[in-house]
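K.L.:
The structure file final17.cif (mmCIF, C-alpha atoms and all ligand atoms) is provided below.
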```
data_data
loop_
_atom_site.label_atom_id
_atom_site.label_comp_id
_atom_site.auth_asym_id
_atom_site.auth_seq_id
_atom_site.Cartn_x
_atom_site.Cartn_y
_atom_site.Cartn_z
CA MET A 1 32.02 -8.57 -10.66
CA ASN A 2 32.85 -7.92 -14.28
CA GLN A 3 34.63 -5.15 -16.07
CA TYR A 4 33.07 -3.72 -19.20
CA THR A 5 34.22 -1.09 -21.65
CA VAL A 6 31.95 1.78 -22.61
CA ALA A 7 32.88 4.07 -25.52
CA PHE A 8 31.33 7.55 -25.51
CA ALA A 9 30.48 8.60 -29.06
CA GLY A 10 28.54 11.61 -30.30
CA ASN A 11 28.58 14.85 -32.25
CA PRO A 12 30.90 17.58 -30.97
CA ASN A 13 29.52 19.57 -28.05
CA THR A 14 26.86 17.10 -26.96
CA GLY A 15 28.24 16.80 -23.43
CA LYS A 16 30.28 13.59 -23.74
CA SER A 17 33.15 14.91 -21.67
CA THR A 18 30.80 16.46 -19.11
CA LEU A 19 29.21 13.04 -18.60
CA PHE A 20 32.58 11.31 -18.72
CA ASN A 21 33.97 13.62 -16.03
CA LEU A 22 30.87 13.25 -13.89
CA LEU A 23 31.11 9.44 -13.99
CA THR A 24 34.85 8.97 -13.75
CA GLY A 25 35.79 11.90 -11.50
CA LEU A 26 39.51 11.82 -10.95
CA ARG A 27 39.84 8.24 -12.07
CA GLN A 28 40.90 9.16 -15.59
CA HIS A 29 43.92 9.69 -17.75
CA THR A 30 44.51 11.05 -21.24
CA GLY A 31 46.71 9.67 -23.96
CA ASN A 32 47.20 9.22 -27.65
CA TRP A 33 45.98 6.28 -29.64
CA ALA A 34 48.80 4.39 -31.27
CA GLY A 35 49.74 6.07 -34.50
CA LYS A 36 47.03 8.73 -34.22
CA THR A 37 47.28 12.34 -33.23
CA VAL A 38 43.86 12.14 -31.65
CA ILE A 39 43.85 12.60 -27.91
CA THR A 40 41.63 10.30 -25.95
CA ALA A 41 40.64 10.10 -22.32
CA GLU A 42 40.00 6.94 -20.37
CA GLY A 43 38.56 6.55 -16.92
CA GLU A 44 36.74 4.19 -14.65
CA PHE A 45 33.44 4.09 -12.82
CA THR A 46 31.36 1.53 -10.99
CA HIS A 47 27.65 0.87 -11.00
CA ASN A 48 25.95 -1.84 -8.96
CA LYS A 49 28.48 -4.63 -8.88
CA HIS A 50 30.29 -3.85 -12.09
CA THR A 51 33.29 -1.78 -13.06
CA TYR A 52 33.31 0.13 -16.33
CA ARG A 53 36.23 1.43 -18.33
CA ALA A 54 35.00 4.59 -20.03
CA VAL A 55 36.59 5.83 -23.23
CA ASP A 56 35.77 9.38 -24.33
CA LEU A 57 35.90 9.35 -28.14
CA PRO A 58 36.38 12.57 -30.11
CA GLY A 59 33.18 14.31 -31.19
CA THR A 60 32.24 13.44 -34.79
CA TYR A 61 29.32 14.07 -37.13
CA SER A 62 29.86 10.77 -38.94
CA LEU A 63 32.08 7.70 -39.08
CA TYR A 64 32.91 8.16 -42.74
CA SER A 65 36.65 8.82 -42.56
CA ASN A 66 36.41 12.55 -43.21
CA SER A 67 38.97 13.36 -40.53
CA ALA A 68 41.43 11.76 -38.11
CA ASP A 69 38.78 12.12 -35.39
CA GLU A 70 36.19 10.22 -37.42
CA GLU A 71 38.69 7.49 -38.28
CA ALA A 72 39.71 7.17 -34.64
CA ALA A 73 36.11 6.94 -33.42
CA ARG A 74 35.22 4.46 -36.19
CA ASP A 75 38.28 2.29 -35.58
CA TYR A 76 37.64 2.22 -31.86
CA ILE A 77 34.05 1.06 -32.25
CA ILE A 78 34.90 -1.56 -34.87
CA PHE A 79 38.22 -2.95 -33.74
CA GLU A 80 38.27 -2.42 -29.98
CA GLU A 81 34.75 -3.85 -29.77
CA PRO A 82 33.58 -1.98 -26.65
CA ASP A 83 30.92 -3.83 -24.67
CA VAL A 84 28.71 -0.78 -25.00
CA THR A 85 28.86 2.21 -27.32
CA LEU A 86 27.09 5.09 -25.65
CA VAL A 87 25.84 7.54 -28.25
CA VAL A 88 25.40 10.94 -26.63
CA LEU A 89 22.87 13.13 -28.45
CA ASP A 90 21.91 16.76 -28.00
CA ALA A 91 18.20 16.77 -27.12
CA THR A 92 17.78 20.18 -28.75
CA SER A 93 18.93 18.97 -32.19
CA LEU A 94 17.97 15.34 -32.29
CA GLU A 95 17.38 15.14 -36.02
CA ARG A 96 20.95 16.07 -36.87
CA ASN A 97 22.37 14.02 -33.98
CA LEU A 98 20.50 10.83 -34.87
CA ASN A 99 22.54 10.55 -38.04
CA LEU A 100 25.56 9.40 -36.04
CA ALA A 101 23.39 7.10 -33.93
CA LEU A 102 22.19 5.34 -37.08
CA GLN A 103 25.76 4.88 -38.26
CA VAL A 104 26.79 3.39 -34.92
CA LEU A 105 23.82 1.01 -35.08
CA GLU A 106 24.97 -0.16 -38.50
CA ILE A 107 28.20 -1.23 -36.83
CA THR A 108 26.97 -2.57 -33.53
CA GLY A 109 23.75 -3.28 -31.66
CA ARG A 110 25.62 -3.08 -28.37
CA ALA A 111 24.63 0.53 -27.99
CA VAL A 112 22.72 2.82 -25.66
CA ILE A 113 21.31 6.13 -26.81
CA CYS A 114 21.81 8.91 -24.29
CA VAL A 115 19.70 11.98 -24.95
CA ASN A 116 21.61 14.70 -23.12
CA LEU A 117 20.78 18.36 -22.42
CA ILE A 118 17.26 17.35 -21.50
CA ASP A 119 17.16 20.41 -19.20
CA GLU A 120 17.75 22.65 -22.19
CA ALA A 121 15.15 20.80 -24.28
CA ARG A 122 12.57 21.20 -21.52
CA ARG A 123 13.35 24.89 -21.28
CA LEU A 124 12.70 25.19 -25.01
CA GLY A 125 9.45 23.22 -24.73
CA ILE A 126 10.78 20.24 -26.69
CA ASP A 127 9.02 17.03 -25.73
CA ILE A 128 10.88 13.83 -26.60
CA ASN A 129 9.17 10.47 -26.91
CA LEU A 130 11.93 8.21 -25.59
CA LYS A 131 9.86 5.05 -25.87
CA ALA A 132 9.20 5.68 -29.54
CA ILE A 133 12.88 6.32 -30.24
CA SER A 134 13.91 3.20 -28.35
CA LYS A 135 11.34 1.09 -30.17
CA ARG A 136 12.38 2.42 -33.55
CA LEU A 137 16.12 2.14 -32.98
CA GLY A 138 15.91 -1.19 -31.15
CA VAL A 139 18.29 -0.21 -28.35
CA PRO A 140 17.76 1.38 -24.92
CA VAL A 141 17.35 5.14 -24.71
CA ALA A 142 17.81 7.31 -21.61
CA ALA A 143 17.38 11.06 -21.18
CA ILE A 144 19.83 12.90 -18.96
CA SER A 145 21.28 16.24 -18.08
CA ALA A 146 24.99 15.65 -17.58
CA ARG A 147 25.43 19.18 -16.28
CA GLY A 148 22.39 19.00 -14.01
CA LYS A 149 23.18 15.41 -12.95
CA ILE A 150 19.68 14.29 -13.86
CA GLY A 151 18.80 10.77 -15.02
CA ILE A 152 22.28 9.34 -14.49
CA GLU A 153 21.27 6.25 -12.47
CA ALA A 154 18.67 5.25 -15.04
CA LEU A 155 21.24 5.68 -17.81
CA LEU A 156 23.70 3.46 -15.93
CA ASP A 157 21.00 0.82 -15.54
CA GLN A 158 20.53 0.80 -19.33
CA ILE A 159 24.29 0.56 -19.88
CA GLU A 160 24.34 -2.40 -17.51
CA ARG A 161 21.53 -4.16 -19.38
CA VAL A 162 23.45 -3.97 -22.64
CA ALA A 163 26.85 -4.74 -21.09
CA THR A 164 25.64 -7.85 -19.29
CA GLY A 165 23.59 -9.05 -22.24
CA ALA A 166 20.32 -8.74 -20.29
CA PHE A 167 18.98 -6.63 -23.16
CA THR A 168 18.85 -8.13 -26.62
CA ALA A 169 19.13 -5.38 -29.16
CA GLN A 170 17.29 -5.35 -32.44
CA PRO A 171 19.14 -2.45 -34.02
CA LEU A 172 17.37 -0.65 -36.82
CA ARG A 173 18.72 -1.83 -40.13
CA ILE A 174 18.66 0.75 -42.86
CA SER A 175 17.64 -0.51 -46.29
CA TYR A 176 19.30 1.05 -49.29
CA SER A 177 18.32 1.08 -52.95
CA ASP A 178 18.14 -2.28 -54.76
CA GLU A 179 21.37 -1.50 -56.53
CA ILE A 180 23.29 -0.85 -53.32
CA GLU A 181 21.68 -3.80 -51.52
CA GLN A 182 22.77 -6.03 -54.38
CA GLY A 183 26.33 -4.74 -54.11
CA ILE A 184 26.29 -5.32 -50.35
CA ALA A 185 24.95 -8.86 -50.79
CA GLU A 186 27.73 -9.65 -53.28
CA LEU A 187 30.45 -8.23 -51.07
CA ILE A 188 29.42 -9.65 -47.69
CA PRO A 189 30.67 -13.21 -48.32
CA MET A 190 34.02 -11.88 -49.54
CA VAL A 191 34.32 -9.52 -46.59
CA GLU A 192 33.45 -12.33 -44.17
CA GLN A 193 36.02 -14.55 -45.77
CA ILE A 194 38.69 -11.98 -45.03
CA VAL A 195 37.65 -10.43 -41.73
CA GLY A 196 35.70 -13.36 -40.29
CA SER A 197 32.39 -13.05 -38.55
CA ARG A 198 33.77 -10.88 -35.80
CA TYR A 199 33.51 -7.55 -37.57
CA PRO A 200 30.38 -5.94 -39.06
CA ALA A 201 30.54 -7.30 -42.62
CA ARG A 202 27.49 -5.42 -43.87
CA TRP A 203 28.82 -2.09 -42.73
CA ILE A 204 32.30 -2.80 -44.09
CA ALA A 205 30.77 -3.82 -47.44
CA LEU A 206 28.79 -0.60 -47.52
CA ARG A 207 31.85 1.52 -46.84
CA LEU A 208 33.88 -0.34 -49.43
CA LEU A 209 31.16 0.29 -52.00
CA ASP A 210 31.55 3.94 -51.14
CA GLY A 211 35.29 3.69 -51.91
CA ASP A 212 36.38 4.25 -48.30
CA ASP A 213 40.15 3.79 -48.69
CA SER A 214 40.84 4.76 -45.11
CA LEU A 215 38.73 1.86 -43.86
CA LEU A 216 40.65 -0.54 -46.11
CA HIS A 217 43.86 0.78 -44.63
CA SER A 218 42.57 0.35 -41.07
CA LEU A 219 41.36 -3.17 -41.84
CA LYS A 220 44.79 -4.06 -43.13
CA THR A 221 46.48 -2.62 -40.05
CA HIS A 222 44.15 -4.24 -37.56
CA MET A 223 43.86 -7.59 -39.25
CA GLY A 224 47.57 -7.72 -40.04
CA ARG A 225 46.58 -9.41 -43.28
CA LYS A 226 48.30 -8.22 -46.42
CA ASN A 227 45.72 -9.83 -48.69
CA ILE A 228 43.14 -7.30 -47.56
CA ILE A 229 44.65 -4.98 -50.11
CA GLY A 230 43.40 -7.55 -52.62
CA THR A 231 39.87 -6.62 -51.66
CA LYS A 232 40.37 -3.40 -53.51
CA GLU A 233 40.17 -5.25 -56.80
CA VAL A 234 37.29 -7.34 -55.51
CA VAL A 235 35.54 -4.19 -54.41
CA GLY A 236 36.20 -2.66 -57.79
CA HIS A 237 34.31 -5.55 -59.39
CA GLY A 238 31.59 -5.23 -56.78
CA VAL A 239 31.03 -1.64 -57.66
CA THR A 240 31.03 -2.35 -61.37
CA ALA A 241 28.57 -5.20 -60.92
CA CYS A 242 26.26 -2.93 -59.11
CA HIS A 243 26.01 -0.25 -61.78
N1 LIG A 301 22.46 22.84 -20.38
C1 LIG A 301 23.28 21.82 -20.44
N2 LIG A 301 24.54 21.98 -20.89
C2 LIG A 301 25.33 20.90 -20.92
C3 LIG A 301 24.91 19.62 -20.51
N3 LIG A 301 25.93 18.76 -20.69
C4 LIG A 301 26.96 19.46 -21.19
N4 LIG A 301 26.62 20.75 -21.33
C5 LIG A 301 27.46 21.85 -21.82
O1 LIG A 301 27.72 21.63 -23.20
C6 LIG A 301 29.04 22.10 -23.54
C7 LIG A 301 29.82 21.00 -24.22
O2 LIG A 301 30.06 19.96 -23.31
P1 LIG A 301 31.26 18.93 -23.51
O3 LIG A 301 31.13 17.93 -22.41
O4 LIG A 301 32.57 19.62 -23.64
O5 LIG A 301 30.88 18.30 -24.92
P2 LIG A 301 31.64 17.20 -25.76
O6 LIG A 301 30.64 16.34 -26.37
O7 LIG A 301 32.68 16.53 -24.91
O8 LIG A 301 32.35 18.08 -26.88
P3 LIG A 301 33.54 17.60 -27.86
O9 LIG A 301 34.63 17.01 -27.02
O10 LIG A 301 33.94 18.87 -28.56
O11 LIG A 301 32.98 16.62 -28.81
C8 LIG A 301 29.66 22.56 -22.23
O12 LIG A 301 29.52 23.96 -22.13
C9 LIG A 301 28.83 21.86 -21.17
O13 LIG A 301 28.79 22.54 -19.93
C10 LIG A 301 23.58 19.48 -20.02
O14 LIG A 301 23.11 18.40 -19.66
N5 LIG A 301 22.81 20.61 -20.03
MG MG A 302 34.76 16.24 -25.23
#
```
The structure given in the file should be rewritten as structure tokens.
P.N.:
Amino acid sequence: MNQYTVAFAGNPNTGKSTLFNLLTGLRQHTGNWAGKTVITAEGEFTHNKHTYRAVDLPGTYSLYSNSADEEAARDYIIFEEPDVTLVVLDATSLERNLNLALQVLEITGRAVICVNLIDEARRLGIDINLKAISKRLGVPVAAISARGKIGIEALLDQIERVATGAFTAQPLRISYSDEIEQGIAELIPMVEQIVGSRYPARWIALRLLDGDDSLLHSLKTHMGRKNIIGTKEVVGHGVTACH
């Protein structure tokens, strides 16, 4: 019997907490992340022979450091390295919701896409091709209604496949313009030299190219390495080289 950690990510109002409450029941507690004002909830559930620690992240539209919530969700996924990141999407506005899913997949392939509010989508006559989404994104997809308690077992099976490593993800990799790809390629070796192979170097390089100071700050805090600040100059050159 193993214990795995599952982080619940998603846009605001997609039913993360409804699912979280359904799975964890009373086995949950809330708290503050160190140094952050963002409130988080943690709980536990079991499925088959495994125990899962569930972490309900704040709802965010992106992981681009636009707010304390986005920074908290981003930092959790990168630095706490959950065994599974569950991306909860609203089935009635998939196009907007998939944006966050793509960002998560740029960070980690250890993800499951949970298409929630399937009851509402059905009511509106929206038909969702889960197989096609799963094939395209390269990670498992499950449709549920957290409120109606529909599809939960199948979702947990998919979480288990990713947690145990039974499923090998091939997460969709977004290609950017030649200029940006060149900048990323130049930065990756430098990023890897500093953060090692543990963290998602491509994604970090991409954010650094975008001048994401908050990520630099978080890297410095989590790595405890002063010389990360030095990357700012390196990044400066990277950006220049790419123009
Ligand atoms: N019809 C329907 N409504 C749902 C479902 N799941 C959640 N809801 C409703 O959607 C609303 C938002 O649910 P929450 O669980 O609070 O959403 P959340 O993602 O935690 O929201 P934030 O914490 O603000 O990010 C609530 O009114 C829920 O009852 C579902 O499967 N079907
Ligand atoms: Mg919530």
K.L.:
Which residues come within 10 Å of Ile152 in chain A, counting all atoms listed in the file, excluding same-chain residues fewer than 4 positions away, as a list in words?
P.N.:
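Near Ile152 in chain A, the qualifying residues are Leu19, Leu22, Leu23, Cys114, Ala142, Ala143, Ile144, Ser145, Ala146, Gly148, Leu156, Asp157 and Gln158 of chain A.
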K.L.:
Given all atoms listed in the file as the basis, pick out the residue of A:Gly109, A:Gly183, A:Gly59, A:Gly138 nearest to ligand LIG 301 (chain A).
P.N.:
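Of A:Gly109, A:Gly183, A:Gly59, A:Gly138, the one nearest ligand LIG 301 (chain A), counting all atoms listed in the file, is A:Gly59.
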K.L.:
What's the separation between CA of Met190 in chain A and CA of Ala205 in chain A, in Å to one decimal place?
P.N.:
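So the answer is 8.9 Å.
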K.L.:
Counting all atoms listed in the file, what are the residues, protein, DNA or RNA alike, that approach ligand MG 302 (chain A) to within 12 Å? I want them as an MDAnalysis selection string.
P.N.:
chainID A and resid 8:21 30 38:42 55:60 69 88
K.L.:
Mind writing the picked residues with C-alpha atoms as a PDB file, in the coordinates of the input?
P.N.:
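To be explicit, this is the file written out as result31.pdb:
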```
ATOM      1  CA  PHE A   8      31.330   7.550 -25.510  1.00  0.00           C
ATOM      2  CA  ALA A   9      30.480   8.600 -29.060  1.00  0.00           C
ATOM      3  CA  GLY A  10      28.540  11.610 -30.300  1.00  0.00           C
ATOM      4  CA  ASN A  11      28.580  14.850 -32.250  1.00  0.00           C
ATOM      5  CA  PRO A  12      30.900  17.580 -30.970  1.00  0.00           C
ATOM      6  CA  ASN A  13      29.520  19.570 -28.050  1.00  0.00           C
ATOM      7  CA  THR A  14      26.860  17.100 -26.960  1.00  0.00           C
ATOM      8  CA  GLY A  15      28.240  16.800 -23.430  1.00  0.00           C
ATOM      9  CA  LYS A  16      30.280  13.590 -23.740  1.00  0.00           C
ATOM     10  CA  SER A  17      33.150  14.910 -21.670  1.00  0.00           C
ATOM     11  CA  THR A  18      30.800  16.460 -19.110  1.00  0.00           C
ATOM     12  CA  LEU A  19      29.210  13.040 -18.600  1.00  0.00           C
ATOM     13  CA  PHE A  20      32.580  11.310 -18.720  1.00  0.00           C
ATOM     14  CA  ASN A  21      33.970  13.620 -16.030  1.00  0.00           C
ATOM     15  CA  THR A  30      44.510  11.050 -21.240  1.00  0.00           C
ATOM     16  CA  VAL A  38      43.860  12.140 -31.650  1.00  0.00           C
ATOM     17  CA  ILE A  39      43.850  12.600 -27.910  1.00  0.00           C
ATOM     18  CA  THR A  40      41.630  10.300 -25.950  1.00  0.00           C
ATOM     19  CA  ALA A  41      40.640  10.100 -22.320  1.00  0.00           C
ATOM     20  CA  GLU A  42      40.000   6.940 -20.370  1.00  0.00           C
ATOM     21  CA  VAL A  55      36.590   5.830 -23.230  1.00  0.00           C
ATOM     22  CA  ASP A  56      35.770   9.380 -24.330  1.00  0.00           C
ATOM     23  CA  LEU A  57      35.900   9.350 -28.140  1.00  0.00           C
ATOM     24  CA  PRO A  58      36.380  12.570 -30.110  1.00  0.00           C
ATOM     25  CA  GLY A  59      33.180  14.310 -31.190  1.00  0.00           C
ATOM     26  CA  THR A  60      32.240  13.440 -34.790  1.00  0.00           C
ATOM     27  CA  ASP A  69      38.780  12.120 -35.390  1.00  0.00           C
ATOM     28  CA  VAL A  88      25.400  10.940 -26.630  1.00  0.00           C
TER      29      VAL A  88
END
```
K.L.:
From the list A:Thr92, A:Gln182, A:Asn48, A:Gln170, which residue is nearest ligand LIG 301 (chain A) when using all atoms listed in the file?
P.N.:
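Once distances to ligand LIG 301 (chain A) are computed over all atoms listed in the file, the minimum belongs to A:Thr92.
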K.L.:
Taking all atoms listed in the file into account, name the residue in A:Arg161, A:Arg74, A:His50, A:Lys135 that is nearest to Leu215 in chain A.
P.N.:
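For Leu215 in chain A, the nearest of the given residues is A:Arg74.
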K.L.:
Please determine, counting all atoms listed in the file, which residue among A:Ile194, A:Leu98, A:Ala111, A:Leu187 has the shortest atom-to-atom distance to Leu208 in chain A.
P.N.:
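The closest residue to Leu208 in chain A is A:Leu187.
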K.L.:
Of the candidates A:Glu70, A:Asp127, A:Asp178, A:Glu80, which one gets nearest to ligand LIG 301 (chain A) if we count all atoms listed in the file?
P.N.:
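Of the candidates, the smallest distance to ligand LIG 301 (chain A) is held by A:Glu70.
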K.L.:
As a CSV table (one decimal) with C-alpha atoms, keeping the file's coordinate frame, please: the residues near Leu206 in chain A (cut-off 12 Å, all atoms listed in the file, same-chain neighbours under 3 positions excluded).
P.N.:
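Resulting contents of part27.csv:
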```csv
chain,number,residue,atom,x,y,z
A,64,TYR,CA,32.9,8.2,-42.7
A,103,GLN,CA,25.8,4.9,-38.3
A,106,GLU,CA,25.0,-0.2,-38.5
A,107,ILE,CA,28.2,-1.2,-36.8
A,174,ILE,CA,18.7,0.8,-42.9
A,175,SER,CA,17.6,-0.5,-46.3
A,176,TYR,CA,19.3,1.0,-49.3
A,177,SER,CA,18.3,1.1,-53.0
A,179,GLU,CA,21.4,-1.5,-56.5
A,180,ILE,CA,23.3,-0.8,-53.3
A,181,GLU,CA,21.7,-3.8,-51.5
A,182,GLN,CA,22.8,-6.0,-54.4
A,183,GLY,CA,26.3,-4.7,-54.1
A,184,ILE,CA,26.3,-5.3,-50.4
A,185,ALA,CA,25.0,-8.9,-50.8
A,186,GLU,CA,27.7,-9.6,-53.3
A,187,LEU,CA,30.4,-8.2,-51.1
A,188,ILE,CA,29.4,-9.6,-47.7
A,191,VAL,CA,34.3,-9.5,-46.6
A,200,PRO,CA,30.4,-5.9,-39.1
A,201,ALA,CA,30.5,-7.3,-42.6
A,202,ARG,CA,27.5,-5.4,-43.9
A,203,TRP,CA,28.8,-2.1,-42.7
A,209,LEU,CA,31.2,0.3,-52.0
A,210,ASP,CA,31.6,3.9,-51.1
A,211,GLY,CA,35.3,3.7,-51.9
A,212,ASP,CA,36.4,4.2,-48.3
A,215,LEU,CA,38.7,1.9,-43.9
A,216,LEU,CA,40.6,-0.5,-46.1
A,235,VAL,CA,35.5,-4.2,-54.4
A,238,GLY,CA,31.6,-5.2,-56.8
A,239,VAL,CA,31.0,-1.6,-57.7
```
K.L.:
Given the choices A:Ala121, A:Val6, A:Leu219, A:Val115, which gets closest to Asp83 in chain A if the distance is worked out from all atoms listed in the file?
P.N.:
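For Asp83 in chain A, the nearest of the given residues is A:Val6.
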K.L.:
Could you tell me how far CA of Val112 in chain A lies from atom N4 of ligand LIG 301 (chain A), in Å and to one decimal?
P.N.:
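These atoms are spaced 18.9 Å apart.
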K.L.:
One decimal, Å: what's the distance from CA of Lys131 in chain A over to CA of Ile113 in chain A, could you say?
P.N.:
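Spanning CA of Lys131 in chain A to CA of Ile113 in chain A is a straight-line distance of 11.5 Å.
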